[in-house]
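Let me begin by presenting the structure, written as structure tokens, before commenting on it.
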Amino acid sequence: MPKRPSLPDTIAPTWLVVQLLGTLFVAGTLLTAREPAAWIWACYGVASACWLGFVALASRRPKTAAALLAASATLPAAIVGWAGDSSAIILSVIALGRLATLTTVSVGAILGIGLLDIVLAVASHLLAGHSLGEALADPGVMLLLVLIGLNRRQYEVQATQAEALLEQTRVAQAEHARAAALDERTRIAREIHDVLAHSLGALGVQLELAEALLAERSDVDGVLTSIRRSRRLAADGLVEARNAVTALRRDVLPLADALASAAATHARDHRVTVDFDADGEPRPLPSAVVVALVGIAREALTNAGKHAPGEDIRVRLSYEPGAVKLDVRNARTEFTRTGEGFGLAGMRERLALAGGTLTSGPEDGHWRVLAEVRS
């Protein structure tokens, strides 16, 4: 969640509030100062001018503003021993404390300027004839303000880093959402392709059969039966296409049940025997794997209906340790005309995304399709 702004930030930026308050303190210190020496007043004037220069340039030229602020802290520190009151040390610690909070200046530079001001303050006290205890009092205040300023600086650095990290998180989440949307669109496109390829492929087989019955045998009854079956296939395909996107967002059927249903449908529509059996201990599988394997089975059945019409088919699902295998083959003793089709090529790519492999081709007088997924 975004960081809630502090009370000063609801009125004006914190840095502006600090600099306005600092300016008021500088003005108040000069108005209450009682220094007899003109050269001390000159140092005060130069230090105050440097402070005003910092205030004016802080947002536009941060490096120049930081240099002016360092001068505003150093000049009063060099004369604290000769100052008649506490005006010099007040001017110095105001500028030094503000310098320590700047994130545009390195910590090393801040500590270096702070150490320089402390040395100058001690030296000015000793040169003015003050005792060592008096000489160490003002540097102690300077050190305290530097530490307080550095603590505030660290807080601002962490806040800036947190804001940057939050922005990076927002960008990453947006990219992740975009990638997920593209992935979902690709998945939906594949699912619709599989549904339409299966339905239209089966429909094409029925229409070819009807054409052959009419042209070669003038079998009107057979043609009518094939046309009725084609109409049912078209209706079923349309329903499946409409439900494809919704099915992607629902829990899919268990793999064995979905394969048994596909085998029964193909056997009914093509009037062939489709033997289905499953062995091994069933276990839950990711929906992407289930959808991919069912799509492969449908495509293999469609290809069998196209290129080996009337031939029986065997579908076998095996749950093995560390893998699930789907084996689809034409149950016949002689190998004649077969084909893989473009659908299985697409399914091979889809199964690869789910961590599986797909092979197909002739084997022992059968056309075999074998899909394997590690799980």
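Naming works like this for the structure tokens: A, B, ... for the chains as they're shown, residue 1 at the start of each chain, ligands 1 onward in shown order.
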**Item:** In segment 215-332 of chain A, DSSP strand (DSSP E or B) residues written as a PyMOL selection string
**Value:** chain A and resi 274-279+313-320+323-330
For the selection just defined, write its residues with N, CA and C atoms to a file, as a PDB file, in the first residue's frame.
ATOM      1  N   VAL A 274     -14.138 -49.163 -30.189  1.00  0.00           N
ATOM      2  CA  VAL A 274     -13.049 -48.417 -29.554  1.00  0.00           C
ATOM      3  C   VAL A 274     -12.878 -48.985 -28.148  1.00  0.00           C
ATOM      4  N   ASP A 275     -11.828 -49.761 -27.962  1.00  0.00           N
ATOM      5  CA  ASP A 275     -11.551 -50.351 -26.653  1.00  0.00           C
ATOM      6  C   ASP A 275     -10.765 -49.344 -25.810  1.00  0.00           C
ATOM      7  N   PHE A 276     -11.310 -49.079 -24.643  1.00  0.00           N
ATOM      8  CA  PHE A 276     -10.607 -48.187 -23.714  1.00  0.00           C
ATOM      9  C   PHE A 276     -10.370 -48.919 -22.402  1.00  0.00           C
ATOM     10  N   ASP A 277      -9.160 -48.813 -21.911  1.00  0.00           N
ATOM     11  CA  ASP A 277      -8.863 -49.362 -20.585  1.00  0.00           C
ATOM     12  C   ASP A 277      -7.810 -48.483 -19.909  1.00  0.00           C
ATOM     13  N   ALA A 278      -7.841 -48.501 -18.604  1.00  0.00           N
ATOM     14  CA  ALA A 278      -6.911 -47.716 -17.795  1.00  0.00           C
ATOM     15  C   ALA A 278      -6.310 -48.619 -16.742  1.00  0.00           C
ATOM     16  N   ASP A 279      -5.018 -48.472 -16.508  1.00  0.00           N
ATOM     17  CA  ASP A 279      -4.364 -49.263 -15.467  1.00  0.00           C
ATOM     18  C   ASP A 279      -3.487 -48.356 -14.620  1.00  0.00           C
ATOM     19  N   ILE A 313     -10.178 -49.425 -32.888  1.00  0.00           N
ATOM     20  CA  ILE A 313      -9.138 -48.606 -32.250  1.00  0.00           C
ATOM     21  C   ILE A 313      -9.012 -49.033 -30.793  1.00  0.00           C
ATOM     22  N   ARG A 314      -7.789 -48.935 -30.278  1.00  0.00           N
ATOM     23  CA  ARG A 314      -7.559 -49.217 -28.864  1.00  0.00           C
ATOM     24  C   ARG A 314      -6.961 -47.987 -28.194  1.00  0.00           C
ATOM     25  N   VAL A 315      -7.537 -47.602 -27.080  1.00  0.00           N
ATOM     26  CA  VAL A 315      -7.048 -46.465 -26.301  1.00  0.00           C
ATOM     27  C   VAL A 315      -6.682 -46.982 -24.910  1.00  0.00           C
ATOM     28  N   ARG A 316      -5.463 -46.696 -24.491  1.00  0.00           N
ATOM     29  CA  ARG A 316      -5.011 -47.195 -23.188  1.00  0.00           C
ATOM     30  C   ARG A 316      -4.363 -46.056 -22.398  1.00  0.00           C
ATOM     31  N   LEU A 317      -4.808 -45.926 -21.162  1.00  0.00           N
ATOM     32  CA  LEU A 317      -4.257 -44.925 -20.236  1.00  0.00           C
ATOM     33  C   LEU A 317      -3.502 -45.661 -19.137  1.00  0.00           C
ATOM     34  N   SER A 318      -2.256 -45.272 -18.904  1.00  0.00           N
ATOM     35  CA  SER A 318      -1.423 -45.947 -17.903  1.00  0.00           C
ATOM     36  C   SER A 318      -0.883 -44.928 -16.903  1.00  0.00           C
ATOM     37  N   TYR A 319      -1.191 -45.180 -15.648  1.00  0.00           N
ATOM     38  CA  TYR A 319      -0.596 -44.395 -14.565  1.00  0.00           C
ATOM     39  C   TYR A 319       0.634 -45.148 -14.064  1.00  0.00           C
ATOM     40  N   GLU A 320       1.788 -44.632 -14.367  1.00  0.00           N
ATOM     41  CA  GLU A 320       3.035 -45.261 -13.956  1.00  0.00           C
ATOM     42  C   GLU A 320       3.728 -44.391 -12.909  1.00  0.00           C
ATOM     43  N   ALA A 323       5.020 -40.924 -14.122  1.00  0.00           N
ATOM     44  CA  ALA A 323       4.597 -40.585 -15.491  1.00  0.00           C
ATOM     45  C   ALA A 323       3.181 -41.088 -15.744  1.00  0.00           C
ATOM     46  N   VAL A 324       2.521 -40.438 -16.706  1.00  0.00           N
ATOM     47  CA  VAL A 324       1.217 -40.866 -17.205  1.00  0.00           C
ATOM     48  C   VAL A 324       1.338 -41.014 -18.714  1.00  0.00           C
ATOM     49  N   LYS A 325       0.876 -42.162 -19.238  1.00  0.00           N
ATOM     50  CA  LYS A 325       1.008 -42.425 -20.668  1.00  0.00           C
ATOM     51  C   LYS A 325      -0.368 -42.652 -21.294  1.00  0.00           C
ATOM     52  N   LEU A 326      -0.516 -42.129 -22.502  1.00  0.00           N
ATOM     53  CA  LEU A 326      -1.722 -42.358 -23.297  1.00  0.00           C
ATOM     54  C   LEU A 326      -1.298 -43.007 -24.601  1.00  0.00           C
ATOM     55  N   ASP A 327      -1.835 -44.178 -24.883  1.00  0.00           N
ATOM     56  CA  ASP A 327      -1.467 -44.952 -26.075  1.00  0.00           C
ATOM     57  C   ASP A 327      -2.726 -45.170 -26.913  1.00  0.00           C
ATOM     58  N   VAL A 328      -2.711 -44.644 -28.154  1.00  0.00           N
ATOM     59  CA  VAL A 328      -3.848 -44.804 -29.077  1.00  0.00           C
ATOM     60  C   VAL A 328      -3.316 -45.462 -30.335  1.00  0.00           C
ATOM     61  N   ARG A 329      -3.944 -46.578 -30.736  1.00  0.00           N
ATOM     62  CA  ARG A 329      -3.492 -47.253 -31.956  1.00  0.00           C
ATOM     63  C   ARG A 329      -4.674 -47.917 -32.657  1.00  0.00           C
ATOM     64  N   ASN A 330      -4.531 -48.071 -33.991  1.00  0.00           N
ATOM     65  CA  ASN A 330      -5.536 -48.772 -34.777  1.00  0.00           C
ATOM     66  C   ASN A 330      -5.384 -50.262 -34.522  1.00  0.00           C
TER      67      ASN A 330
END
**helix (DSSP H, G or I) positions in segment 210-325 of chain A, given as a PyMOL selection string** = chain A and resi 210-217+220-248+255-270+287-307
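Summary of the local environment: counting only C-alpha atoms, residues at most 12 Å from segment 208-217 of chain A, other than itself and those fewer than 6 positions away along its chain, are Gly201, Ala202, Val223, Leu224, Thr225, Ser226, Ile227, Arg228, Arg229, Ser230, His270, Gly305, Lys306, His307, Pro309 and Gly310 of chain A.
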**Message:** With only C-alpha atoms as the counted atoms, please give the residues lying no more than 7 Å from Ala78 of chain A, apart from itself and same-chain residues fewer than 6 positions off, as a list in words.
**Reply:** Leu120, Ala121 and Ser124 of chain A
**Request:** Measuring atom to atom with only C-alpha atoms, identify which of A:Ser106, A:Arg350, A:Ser59, A:Gly149 is nearest to Ala189 of chain A.
**Result:**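 Nearest to Ala189 of chain A: A:Arg350.
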**Item:** atom CA of Ala100 of chain A to atom CA of Thr74 of chain A, distance in Å rounded to a single decimal
**Value:** 13.3 Å
**Selected residue of minimal separation from Ala38 of chain A among A:Ala258, A:Ala181, A:Ala83, A:Ala234, counting only C-alpha atoms** =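 Counting only C-alpha atoms, the residue closest to Ala38 of chain A is A:Ala83.
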**Asked** When distances are computed from only C-alpha atoms, which of A:Ser72, A:Gln173, A:Gln161, A:Thr302 shows the smallest separation from Ala49 of chain A?
**Response** A:Ser72
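If you measure from each of A:Val171, A:Ala308, A:Ala292, A:Leu255 to Leu353 of chain A using only C-alpha atoms, the closest one turns out to be A:Ala292.
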**Request:** Please provide as a count of residues only all residues within 9 Å of Thr104 of chain A, with the sequence filter that same-chain residues fewer than 6 positions apart are discarded (counting only C-alpha atoms).
**Result:** 3
**Prompt:** Which residue gives the smallest distance to Ala95 of chain A among A:Val122, A:Leu301, A:Leu207, A:Ala47, with only C-alpha atoms counted?
**Reply:**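 Using only C-alpha atoms, Ala95 of chain A sits closest to A:Ala47.
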**Prompt:** By how many Å are atom CA of Ala174 of chain A and atom CA of Thr160 of chain A apart?
**Reply:**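 It comes out at 21.1 Å.
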